[in-house]
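In what follows, a structure is listed as structure tokens, so that the remarks can point back to it.
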Amino acid sequence: MKSKSGFIFLVALCLYLGLQMPFLTVISKVWVDEPWYGGTAYNFSQSKGFTNENVVGMYGGDVIFGYPLMLGSFMRIFGGSLFTARLFSVLCGLLLLVIARLILQELKVGLKGISAFYILFILSSTVYIAFRTIRPEAVKIVFSSLSLLFLLKGIYKNPRYLFFSGASIAFASLCHPDEIMFFLSMTVIMVVLSFRRKTLYPALLFVIGGAFIALIFVLFLYGVKDMTIHDFYLYYGRRLSAYNGSMLGSFSLKAKNLFGEYALGIKRIYILLFEVGIFAAGAFFFRRNKKILLLTVIGGGFFLLSFVFLERIVTRGFISIIFYSLLVYALMIQENSKNKLRNKIVFFAGVFYLLNNVLAVGYLVARDMKNTPYSIVEKFIDERVEDRKKVLSHINYYFPLKNNELYNDYTIYKLTKAMSLDNLLQKDDIDYAVLSEKALAGETGTSGRTEKKESVDDFNRFYYKANKYAHEKMKLLDTLATKGYGTIYIYIRK
């Protein structure tokens with residue numbers, strides 16, 4: 001059994017790396033969140049603290065510091081290129097598979113369930129994207145899965161593990177604040193466990209572990225960021241439904257975002273229904289299996305709490321839901337129920353889910369594999385633009401311009417000395433401009449969805465003003481025709 005599961009695990013690692021490593025700087029195109037978080041991590045690697053003023057000014061992990069702490073430490077050793085930062089995400093996925101193996105062992109999942117989990121998880125289109133882009137999901141899922149591993153060990157073996165479970169999920173929340181919903185759903189489990197065992201010990205250990213990380217965060221707020229808890233709420237509370245005066249928010253708007261942004265209408269509707277529906281099936285048809293019920297309460301609770309209390313569920317944030325959903329499915333698939341019809345439904349539901357994801361990944365690869373590698377773009381710009389100069393450009397060209405004073409289409413000008421784009425241009429001290437008409441496309445880099453109208457208007461306004469300035473005040477230095485990023489024009493001060 002152990003040798004067979006070990007072989008399956010090695011095959012899974014090869015499948016994962018074989019899927020993730022090719023075209024790492026090609027698929028997908030660089031999009032706004034990557035410079036956003038990558039900029040903060042790079043600044044940290046250069047001993048500049050958790051700041052990202054070189055990109056936009058805020059919300060890139062400058063306060064929720066878990067992800068840039070980890071990525072920045074990696075960058076300090078291996079450098080700050082796009083490839084390096086994306087490789088970090090790939091390695092996080094590799095670590096997650098190791099933790100997943102330990103969790104599957106704790107759950108005593110059989111070979112059939114183990115195989116089903118690895119295949120469906122690795123070939124998930126959301127997982128594919130999450131572990132090849134620069135986003136905190138790559139780290140948060142590692143720590144939230146560690147939390148589950150310690151939770152299982154704490155429940156079935158030694159309660160002391162529960163301290164580390166609480167600490168792990170709290171640190172996951174410092175990578176992405178949405179993971180706090182896991183802390184809440186797990187706390188419910190701990191309260192029930194304490195009630196059944198007639199001792200507060202399990203719940204206290206879990207909460208104390210979380211409180212330990214929370215204390216570190218509070219000290220960071222007051223000591224490093226000079227912020228109060230109230231300041232933090234005003235800064236990050238916009239992610240909560242209650243922030244705008246309604247605890248529940250608009251369910252219709254949330255559902256619209258869920259089906260529009262994650263399911264992409266009917267294109268990925270089955271993927272969404274499967275991932276959420278597994279929890280419903282676990283609660284109604286498999287609740288006698290205590291392990292399925294436990295994972296259903298945690299994973300399903302995370303989804304419900306997120307839907308109710310968050311402004312919206314981030315698309316890549318679904319990786320946390322997928323992880324629990326497929327663990328539940330792995331337990332379901334190995335059950336030898338006397339109900340043969342139910343067994344077939346469970347099996348073919350997973351097969352259809354796999355086919356949907358393979359088609360989604362295949363479409364993305366076929367669409368983007370001919371894009372110009374970002375490494376070529378990076379080298380082209382970096383060789384022509386001198387460091388420590390004032391540059392006007394688009395945010396997706398951050399990585400070759402990371403050592404410059406960069407003003408872009410996402411810069412929050414009120415946080416800069418310029419105060420506004422017009423004011424910046426009036427000063428007439430821009431050294432370089434790196435521009436591309438591709439900014440006018442107004443589509444997202446991964447799914448190809450049309451950006452919001454107000455965002456498109458901002459992109460157009462920036463491009464036309466920057467392009468006009470470049471033609472009137474600067475001279476053309478060089479151009480690079482690309483696929484995916486348009487023609488890149490580099491201008492230099494006359």
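Chain labels run A, B, ... following the order of the structure tokens; each chain numbers its residues from 1, and ligands are numbered from 1 in the order shown.
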Can you tell me, as a list in words, which residues in range 362-488 of chain A count as strand (DSSP E) by DSSP?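 Here is the list: Lys390, Val391, Leu392, Ser393, Glu405, Leu406, Tyr407, Tyr432, Ala433, Val434, Leu435, Ser436, Met474, Lys475, Leu476, Leu477, Asp478, Thr479, Leu480, Ala481, Thr487 and Ile488 of chain A.
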Could you take the residues named above and write them with N, CA and C atoms, as an mmCIF file, in the first residue's frame?
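File produced: selection.cif:
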```cif
data_model
loop_
_atom_site.group_PDB
_atom_site.id
_atom_site.type_symbol
_atom_site.label_atom_id
_atom_site.label_comp_id
_atom_site.auth_asym_id
_atom_site.auth_seq_id
_atom_site.Cartn_x
_atom_site.Cartn_y
_atom_site.Cartn_z
ATOM 1 N N LYS A 390 13.340 58.355 -13.907
ATOM 2 C CA LYS A 390 11.894 58.540 -13.823
ATOM 3 C C LYS A 390 11.273 58.032 -15.123
ATOM 4 N N VAL A 391 10.349 57.051 -14.988
ATOM 5 C CA VAL A 391 9.810 56.367 -16.168
ATOM 6 C C VAL A 391 8.289 56.422 -16.162
ATOM 7 N N LEU A 392 7.741 56.644 -17.340
ATOM 8 C CA LEU A 392 6.295 56.625 -17.562
ATOM 9 C C LEU A 392 5.977 55.354 -18.343
ATOM 10 N N SER A 393 5.154 54.461 -17.776
ATOM 11 C CA SER A 393 4.907 53.195 -18.458
ATOM 12 C C SER A 393 3.619 52.553 -17.965
ATOM 13 N N GLU A 405 11.986 54.951 -10.817
ATOM 14 C CA GLU A 405 10.834 55.668 -10.246
ATOM 15 C C GLU A 405 9.729 55.567 -11.281
ATOM 16 N N LEU A 406 8.834 54.617 -11.071
ATOM 17 C CA LEU A 406 7.863 54.242 -12.104
ATOM 18 C C LEU A 406 6.491 54.871 -11.856
ATOM 19 N N TYR A 407 5.988 55.556 -12.875
ATOM 20 C CA TYR A 407 4.622 56.080 -12.862
ATOM 21 C C TYR A 407 3.848 55.339 -13.949
ATOM 22 N N TYR A 432 12.254 58.481 -19.321
ATOM 23 C CA TYR A 432 11.899 57.464 -20.320
ATOM 24 C C TYR A 432 10.380 57.260 -20.319
ATOM 25 N N ALA A 433 9.887 56.814 -21.461
ATOM 26 C CA ALA A 433 8.497 56.356 -21.549
ATOM 27 C C ALA A 433 8.509 55.011 -22.266
ATOM 28 N N VAL A 434 7.827 54.015 -21.684
ATOM 29 C CA VAL A 434 7.722 52.684 -22.282
ATOM 30 C C VAL A 434 6.242 52.398 -22.451
ATOM 31 N N LEU A 435 5.764 52.476 -23.685
ATOM 32 C CA LEU A 435 4.332 52.461 -23.947
ATOM 33 C C LEU A 435 3.944 51.423 -24.994
ATOM 34 N N SER A 436 2.693 50.999 -24.924
ATOM 35 C CA SER A 436 2.149 50.070 -25.910
ATOM 36 C C SER A 436 0.661 50.311 -26.074
ATOM 37 N N MET A 474 9.766 63.830 -26.277
ATOM 38 C CA MET A 474 10.806 62.812 -26.247
ATOM 39 C C MET A 474 11.106 62.312 -27.659
ATOM 40 N N LYS A 475 12.124 61.487 -27.770
ATOM 41 C CA LYS A 475 12.442 60.893 -29.067
ATOM 42 C C LYS A 475 12.392 59.371 -28.946
ATOM 43 N N LEU A 476 12.012 58.719 -30.049
ATOM 44 C CA LEU A 476 11.883 57.276 -30.053
ATOM 45 C C LEU A 476 13.259 56.616 -29.986
ATOM 46 N N LEU A 477 13.442 55.723 -29.008
ATOM 47 C CA LEU A 477 14.725 55.045 -28.839
ATOM 48 C C LEU A 477 14.744 53.691 -29.531
ATOM 49 N N ASP A 478 13.657 52.913 -29.361
ATOM 50 C CA ASP A 478 13.612 51.572 -29.956
ATOM 51 C C ASP A 478 12.190 51.033 -29.870
ATOM 52 N N THR A 479 11.916 49.995 -30.650
ATOM 53 C CA THR A 479 10.603 49.349 -30.627
ATOM 54 C C THR A 479 10.782 47.836 -30.621
ATOM 55 N N LEU A 480 9.768 47.152 -30.107
ATOM 56 C CA LEU A 480 9.759 45.687 -30.119
ATOM 57 C C LEU A 480 8.341 45.228 -30.419
ATOM 58 N N ALA A 481 8.186 44.521 -31.541
ATOM 59 C CA ALA A 481 6.884 43.952 -31.899
ATOM 60 C C ALA A 481 6.712 42.631 -31.155
ATOM 61 N N THR A 487 3.007 46.267 -29.784
ATOM 62 C CA THR A 487 4.318 46.837 -30.102
ATOM 63 C C THR A 487 4.734 47.758 -28.970
ATOM 64 N N ILE A 488 5.904 47.499 -28.427
ATOM 65 C CA ILE A 488 6.408 48.284 -27.288
ATOM 66 C C ILE A 488 7.326 49.381 -27.816
#
```
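Distance annotation: of A:Pro202, A:Leu253, A:Leu15, A:Ala281, the residue with the minimal separation from Lys157 in chain A is A:Pro202; atom set is only C-alpha atoms.
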Give me the residues near Val308 in chain A as a ChimeraX atom specification, where near means some atom within 12 Å (using only C-alpha atoms) and where sequence neighbours in that chain fewer than 2 positions away do not count. /A:181,239-242,246-255,301-306,310-313
Of the residues A:Pro400, A:Thr84, A:Phe307, A:Thr187, which is the one nearest to Leu200 in chain A, using only C-alpha atoms?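 Nearest candidate to Leu200 in chain A out of A:Pro400, A:Thr84, A:Phe307, A:Thr187: A:Thr187.
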Could you check which of A:Ile122, A:Leu71, A:Ala203, A:Leu421 is closest to Val11 in chain A, using only C-alpha atoms?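 Once distances to Val11 in chain A are computed over only C-alpha atoms, the minimum belongs to A:Ile122.
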Just the residues within 12 Å of Phe217 in chain A, please, counting only C-alpha atoms, with nothing from its chain fewer than 2 positions along; format it as a list in words.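 Near Phe217 in chain A, the qualifying residues are Val63, Ile64, Phe65, Gly66, Ala167, Ala170, Phe171, Ser173, Leu174, Cys175, Gly210, Ala211, Phe212, Ile213, Ala214, Leu215, Leu219, Phe220, Leu221, Tyr222, Gly223, Val224, Lys225, Met227, Thr228, Ile229 and Phe232 of chain A.
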May I have the selected residues written with N, CA and C atoms, as a PDB file, in the first residue's frame?
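Written output follows (out06.pdb):
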```pdb
ATOM      1  N   VAL A  63       0.558  45.828   4.011  1.00  0.00           N
ATOM      2  CA  VAL A  63       0.098  45.680   5.395  1.00  0.00           C
ATOM      3  C   VAL A  63      -0.144  44.200   5.716  1.00  0.00           C
ATOM      4  N   ILE A  64      -0.891  43.513   4.868  1.00  0.00           N
ATOM      5  CA  ILE A  64      -1.053  42.061   5.009  1.00  0.00           C
ATOM      6  C   ILE A  64       0.229  41.445   4.455  1.00  0.00           C
ATOM      7  N   PHE A  65       1.225  41.252   5.319  1.00  0.00           N
ATOM      8  CA  PHE A  65       2.610  41.095   4.865  1.00  0.00           C
ATOM      9  C   PHE A  65       3.075  39.658   4.654  1.00  0.00           C
ATOM     10  N   GLY A  66       2.237  38.664   4.910  1.00  0.00           N
ATOM     11  CA  GLY A  66       2.689  37.276   4.860  1.00  0.00           C
ATOM     12  C   GLY A  66       3.276  36.865   3.515  1.00  0.00           C
ATOM     13  N   ALA A 167      -2.352  28.625  14.677  1.00  0.00           N
ATOM     14  CA  ALA A 167      -1.292  29.532  14.238  1.00  0.00           C
ATOM     15  C   ALA A 167      -1.139  29.505  12.721  1.00  0.00           C
ATOM     16  N   ALA A 170      -4.012  31.311  10.990  1.00  0.00           N
ATOM     17  CA  ALA A 170      -3.874  32.756  11.237  1.00  0.00           C
ATOM     18  C   ALA A 170      -2.803  33.344  10.317  1.00  0.00           C
ATOM     19  N   PHE A 171      -1.691  32.617  10.119  1.00  0.00           N
ATOM     20  CA  PHE A 171      -0.664  33.122   9.210  1.00  0.00           C
ATOM     21  C   PHE A 171      -1.173  33.094   7.776  1.00  0.00           C
ATOM     22  N   SER A 173      -4.062  33.814   6.946  1.00  0.00           N
ATOM     23  CA  SER A 173      -4.859  35.042   6.870  1.00  0.00           C
ATOM     24  C   SER A 173      -3.979  36.267   6.688  1.00  0.00           C
ATOM     25  N   LEU A 174      -2.704  36.170   7.098  1.00  0.00           N
ATOM     26  CA  LEU A 174      -1.758  37.260   6.871  1.00  0.00           C
ATOM     27  C   LEU A 174      -1.207  37.226   5.445  1.00  0.00           C
ATOM     28  N   CYS A 175      -1.524  36.165   4.718  1.00  0.00           N
ATOM     29  CA  CYS A 175      -1.179  36.105   3.291  1.00  0.00           C
ATOM     30  C   CYS A 175      -2.341  36.610   2.459  1.00  0.00           C
ATOM     31  N   GLY A 210      -3.946  30.947  17.133  1.00  0.00           N
ATOM     32  CA  GLY A 210      -4.326  32.044  16.252  1.00  0.00           C
ATOM     33  C   GLY A 210      -4.031  33.396  16.867  1.00  0.00           C
ATOM     34  N   ALA A 211      -4.276  33.505  18.179  1.00  0.00           N
ATOM     35  CA  ALA A 211      -4.048  34.778  18.878  1.00  0.00           C
ATOM     36  C   ALA A 211      -2.564  35.140  18.895  1.00  0.00           C
ATOM     37  N   PHE A 212      -1.699  34.123  18.936  1.00  0.00           N
ATOM     38  CA  PHE A 212      -0.256  34.365  18.931  1.00  0.00           C
ATOM     39  C   PHE A 212       0.163  35.082  17.644  1.00  0.00           C
ATOM     40  N   ILE A 213      -0.335  34.618  16.495  1.00  0.00           N
ATOM     41  CA  ILE A 213      -0.032  35.259  15.213  1.00  0.00           C
ATOM     42  C   ILE A 213      -0.707  36.626  15.140  1.00  0.00           C
ATOM     43  N   ALA A 214      -1.933  36.722  15.664  1.00  0.00           N
ATOM     44  CA  ALA A 214      -2.655  37.998  15.658  1.00  0.00           C
ATOM     45  C   ALA A 214      -1.888  39.050  16.450  1.00  0.00           C
ATOM     46  N   LEU A 215      -1.268  38.636  17.559  1.00  0.00           N
ATOM     47  CA  LEU A 215      -0.484  39.563  18.374  1.00  0.00           C
ATOM     48  C   LEU A 215       0.722  40.091  17.586  1.00  0.00           C
ATOM     49  N   LEU A 219       1.384  44.059  16.679  1.00  0.00           N
ATOM     50  CA  LEU A 219       2.666  44.722  16.948  1.00  0.00           C
ATOM     51  C   LEU A 219       3.254  45.294  15.661  1.00  0.00           C
ATOM     52  N   PHE A 220       3.080  44.578  14.559  1.00  0.00           N
ATOM     53  CA  PHE A 220       3.544  45.062  13.253  1.00  0.00           C
ATOM     54  C   PHE A 220       2.783  46.325  12.857  1.00  0.00           C
ATOM     55  N   LEU A 221       1.456  46.318  13.060  1.00  0.00           N
ATOM     56  CA  LEU A 221       0.638  47.487  12.723  1.00  0.00           C
ATOM     57  C   LEU A 221       1.108  48.719  13.489  1.00  0.00           C
ATOM     58  N   TYR A 222       1.225  48.578  14.802  1.00  0.00           N
ATOM     59  CA  TYR A 222       1.560  49.720  15.645  1.00  0.00           C
ATOM     60  C   TYR A 222       3.032  50.113  15.540  1.00  0.00           C
ATOM     61  N   GLY A 223       3.907  49.108  15.480  1.00  0.00           N
ATOM     62  CA  GLY A 223       5.334  49.396  15.538  1.00  0.00           C
ATOM     63  C   GLY A 223       5.983  49.703  14.207  1.00  0.00           C
ATOM     64  N   VAL A 224       5.497  49.064  13.125  1.00  0.00           N
ATOM     65  CA  VAL A 224       6.120  49.238  11.809  1.00  0.00           C
ATOM     66  C   VAL A 224       5.314  50.174  10.925  1.00  0.00           C
ATOM     67  N   LYS A 225       4.006  49.965  10.899  1.00  0.00           N
ATOM     68  CA  LYS A 225       3.151  50.751  10.005  1.00  0.00           C
ATOM     69  C   LYS A 225       2.536  51.980  10.661  1.00  0.00           C
ATOM     70  N   MET A 227      -0.062  52.185  12.511  1.00  0.00           N
ATOM     71  CA  MET A 227      -1.502  52.122  12.276  1.00  0.00           C
ATOM     72  C   MET A 227      -2.194  51.555  13.513  1.00  0.00           C
ATOM     73  N   THR A 228      -3.430  51.984  13.738  1.00  0.00           N
ATOM     74  CA  THR A 228      -4.261  51.394  14.781  1.00  0.00           C
ATOM     75  C   THR A 228      -5.149  50.329  14.147  1.00  0.00           C
ATOM     76  N   ILE A 229      -5.848  49.560  14.985  1.00  0.00           N
ATOM     77  CA  ILE A 229      -6.790  48.565  14.472  1.00  0.00           C
ATOM     78  C   ILE A 229      -7.867  49.258  13.645  1.00  0.00           C
ATOM     79  N   PHE A 232      -6.567  50.114  10.295  1.00  0.00           N
ATOM     80  CA  PHE A 232      -6.505  48.913   9.464  1.00  0.00           C
ATOM     81  C   PHE A 232      -7.876  48.572   8.900  1.00  0.00           C
TER      82      PHE A 232
END
```
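In this comparison, which uses only C-alpha atoms, the residue of A:Val351, A:Phe131, A:Arg367, A:Val32 approaching Ile395 in chain A most closely is A:Val32.
Take the candidates A:Leu123, A:Thr411, A:Tyr398, A:Asn371 and check each one against Leu24 in chain A using only C-alpha atoms; the shortest distance goes to A:Asn371.
Atom pair CA of Leu107 in chain A / CA of Leu149 in chain A has a distance of 9.6 Å (rounded to one decimal).
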Env of Asp33 in chain A: 8 Å cut, atoms = only C-alpha atoms, seq-sep filter 2 positions within chain, self excluded. Answer as a PDB file with C-alpha atoms, in the first residue's frame.
```
ATOM      1  CA  TRP A  31      -1.415  41.259 -15.277  1.00  0.00           C
ATOM      2  CA  PRO A  35       3.554  43.744 -10.260  1.00  0.00           C
ATOM      3  CA  TRP A  36       1.312  44.738  -7.360  1.00  0.00           C
ATOM      4  CA  TYR A  37       2.502  41.952  -5.048  1.00  0.00           C
ATOM      5  CA  GLY A  60       0.025  45.012  -2.580  1.00  0.00           C
ATOM      6  CA  ILE A 134       2.360  36.018  -8.545  1.00  0.00           C
ATOM      7  CA  ARG A 135      -0.531  36.036  -6.108  1.00  0.00           C
TER       8      ARG A 135
END
```
Who sits within 9 Å of range 413-415 of chain A, only C-alpha atoms, same chain under 3 positions skipped, as JSON, numbers by chain: {"A": [53, 56, 57, 407, 410, 418, 419, 420, 421, 424]}
Write the residues of the selection above to a file with N, CA and C atoms, as a CSV table (one decimal), in the first residue's frame.
```csv
chain,number,residue,atom,x,y,z
A,53,GLU,N,5.3,51.6,-3.3
A,53,GLU,CA,5.1,52.9,-3.9
A,53,GLU,C,5.6,53.0,-5.4
A,56,VAL,N,1.9,51.1,-7.2
A,56,VAL,CA,0.6,51.8,-7.1
A,56,VAL,C,0.5,52.5,-5.8
A,57,GLY,N,1.1,52.1,-4.7
A,57,GLY,CA,1.0,52.9,-3.5
A,57,GLY,C,0.4,52.2,-2.3
A,407,TYR,N,6.0,55.6,-12.9
A,407,TYR,CA,4.6,56.1,-12.9
A,407,TYR,C,3.8,55.3,-13.9
A,410,TYR,N,-1.7,52.6,-13.0
A,410,TYR,CA,-2.4,52.3,-11.7
A,410,TYR,C,-1.8,53.1,-10.6
A,418,ALA,N,3.9,64.1,-7.3
A,418,ALA,CA,3.2,64.7,-8.5
A,418,ALA,C,1.8,65.1,-8.2
A,419,MET,N,1.1,64.3,-7.4
A,419,MET,CA,-0.3,64.5,-7.0
A,419,MET,C,-1.3,64.1,-8.1
A,420,SER,N,-0.9,64.3,-9.4
A,420,SER,CA,-1.8,63.9,-10.5
A,420,SER,C,-0.9,63.6,-11.8
A,421,LEU,N,-1.5,62.9,-12.7
A,421,LEU,CA,-0.7,62.6,-14.0
A,421,LEU,C,-0.5,63.9,-14.7
A,424,LEU,N,2.4,65.7,-13.1
A,424,LEU,CA,3.6,65.0,-13.4
A,424,LEU,C,4.1,65.4,-14.8
```
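For the atom pair formed by CA of Asp458 in chain A and CA of Asp409 in chain A, the distance is 7.3 Å, given to one decimal.
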For range 190-199 of chain A, work out the shell of residues within 12 Å, counting only C-alpha atoms and skipping chain neighbours fewer than 5 positions away, then give it as an mmCIF file with N, CA and C atoms, in the first residue's frame.
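So out_19.cif came out as:
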```
data_model
loop_
_atom_site.group_PDB
_atom_site.id
_atom_site.type_symbol
_atom_site.label_atom_id
_atom_site.label_comp_id
_atom_site.auth_asym_id
_atom_site.auth_seq_id
_atom_site.Cartn_x
_atom_site.Cartn_y
_atom_site.Cartn_z
ATOM 1 N N LEU A 151 -4.879 20.096 12.426
ATOM 2 C CA LEU A 151 -6.222 19.921 12.993
ATOM 3 C C LEU A 151 -6.553 18.433 13.088
ATOM 4 N N LEU A 152 -6.294 17.701 12.006
ATOM 5 C CA LEU A 152 -6.583 16.266 11.992
ATOM 6 C C LEU A 152 -5.734 15.532 13.030
ATOM 7 N N GLY A 154 -4.549 16.870 15.704
ATOM 8 C CA GLY A 154 -5.030 17.300 17.014
ATOM 9 C C GLY A 154 -6.299 16.582 17.425
ATOM 10 N N ILE A 155 -7.166 16.294 16.457
ATOM 11 C CA ILE A 155 -8.430 15.620 16.757
ATOM 12 C C ILE A 155 -8.217 14.132 17.009
ATOM 13 N N TYR A 156 -7.412 13.497 16.163
ATOM 14 C CA TYR A 156 -7.290 12.047 16.211
ATOM 15 C C TYR A 156 -6.074 11.537 16.986
ATOM 16 N N PRO A 159 -3.916 16.551 21.126
ATOM 17 C CA PRO A 159 -4.548 17.882 21.080
ATOM 18 C C PRO A 159 -3.558 19.035 20.955
ATOM 19 N N LEU A 162 -3.277 21.276 17.918
ATOM 20 C CA LEU A 162 -4.292 22.293 17.626
ATOM 21 C C LEU A 162 -3.738 23.708 17.759
ATOM 22 N N PHE A 163 -2.732 23.888 18.617
ATOM 23 C CA PHE A 163 -2.081 25.192 18.717
ATOM 24 C C PHE A 163 -1.476 25.577 17.363
ATOM 25 N N SER A 165 -2.324 24.368 14.483
ATOM 26 C CA SER A 165 -3.410 24.520 13.510
ATOM 27 C C SER A 165 -3.931 25.953 13.529
ATOM 28 N N GLY A 166 -4.182 26.475 14.725
ATOM 29 C CA GLY A 166 -4.656 27.855 14.843
ATOM 30 C C GLY A 166 -3.635 28.861 14.348
ATOM 31 N N PHE A 183 -10.606 30.246 9.755
ATOM 32 C CA PHE A 183 -10.413 30.308 11.204
ATOM 33 C C PHE A 183 -11.763 30.231 11.915
ATOM 34 N N LEU A 184 -12.757 30.928 11.373
ATOM 35 C CA LEU A 184 -14.084 30.930 11.988
ATOM 36 C C LEU A 184 -14.748 29.559 11.888
ATOM 37 N N SER A 185 -14.680 28.933 10.706
ATOM 38 C CA SER A 185 -15.325 27.628 10.540
ATOM 39 C C SER A 185 -14.613 26.555 11.364
ATOM 40 N N LEU A 204 -9.298 26.135 23.263
ATOM 41 C CA LEU A 204 -8.340 27.117 23.766
ATOM 42 C C LEU A 204 -7.001 27.024 23.050
ATOM 43 N N LEU A 205 -6.523 25.816 22.823
ATOM 44 C CA LEU A 205 -5.260 25.641 22.125
ATOM 45 C C LEU A 205 -5.325 26.234 20.721
ATOM 46 N N PHE A 206 -6.417 25.955 20.030
ATOM 47 C CA PHE A 206 -6.583 26.458 18.665
ATOM 48 C C PHE A 206 -6.634 27.984 18.646
ATOM 49 N N VAL A 207 -7.451 28.562 19.519
ATOM 50 C CA VAL A 207 -7.612 30.019 19.562
ATOM 51 C C VAL A 207 -6.324 30.700 20.010
ATOM 52 N N LEU A 294 -16.688 16.332 8.542
ATOM 53 C CA LEU A 294 -15.729 17.310 9.081
ATOM 54 C C LEU A 294 -15.226 18.242 7.984
ATOM 55 N N VAL A 297 -17.984 20.577 6.668
ATOM 56 C CA VAL A 297 -18.279 21.705 7.552
ATOM 57 C C VAL A 297 -17.213 22.797 7.393
ATOM 58 N N ILE A 298 -15.939 22.388 7.298
ATOM 59 C CA ILE A 298 -14.862 23.382 7.187
ATOM 60 C C ILE A 298 -14.875 24.041 5.805
#
```
Measuring atom to atom with only C-alpha atoms, identify which of A:Tyr235, A:Tyr270, A:Tyr353, A:Phe23 is nearest to Phe121 in chain A.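 For Phe121 in chain A, the nearest of the given residues is A:Tyr353.
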In range 39-121 of chain A, what's alpha helix (DSSP H) per DSSP? Answer as a ChimeraX atom specification? /A:39-45,66-78,82-106,111-121
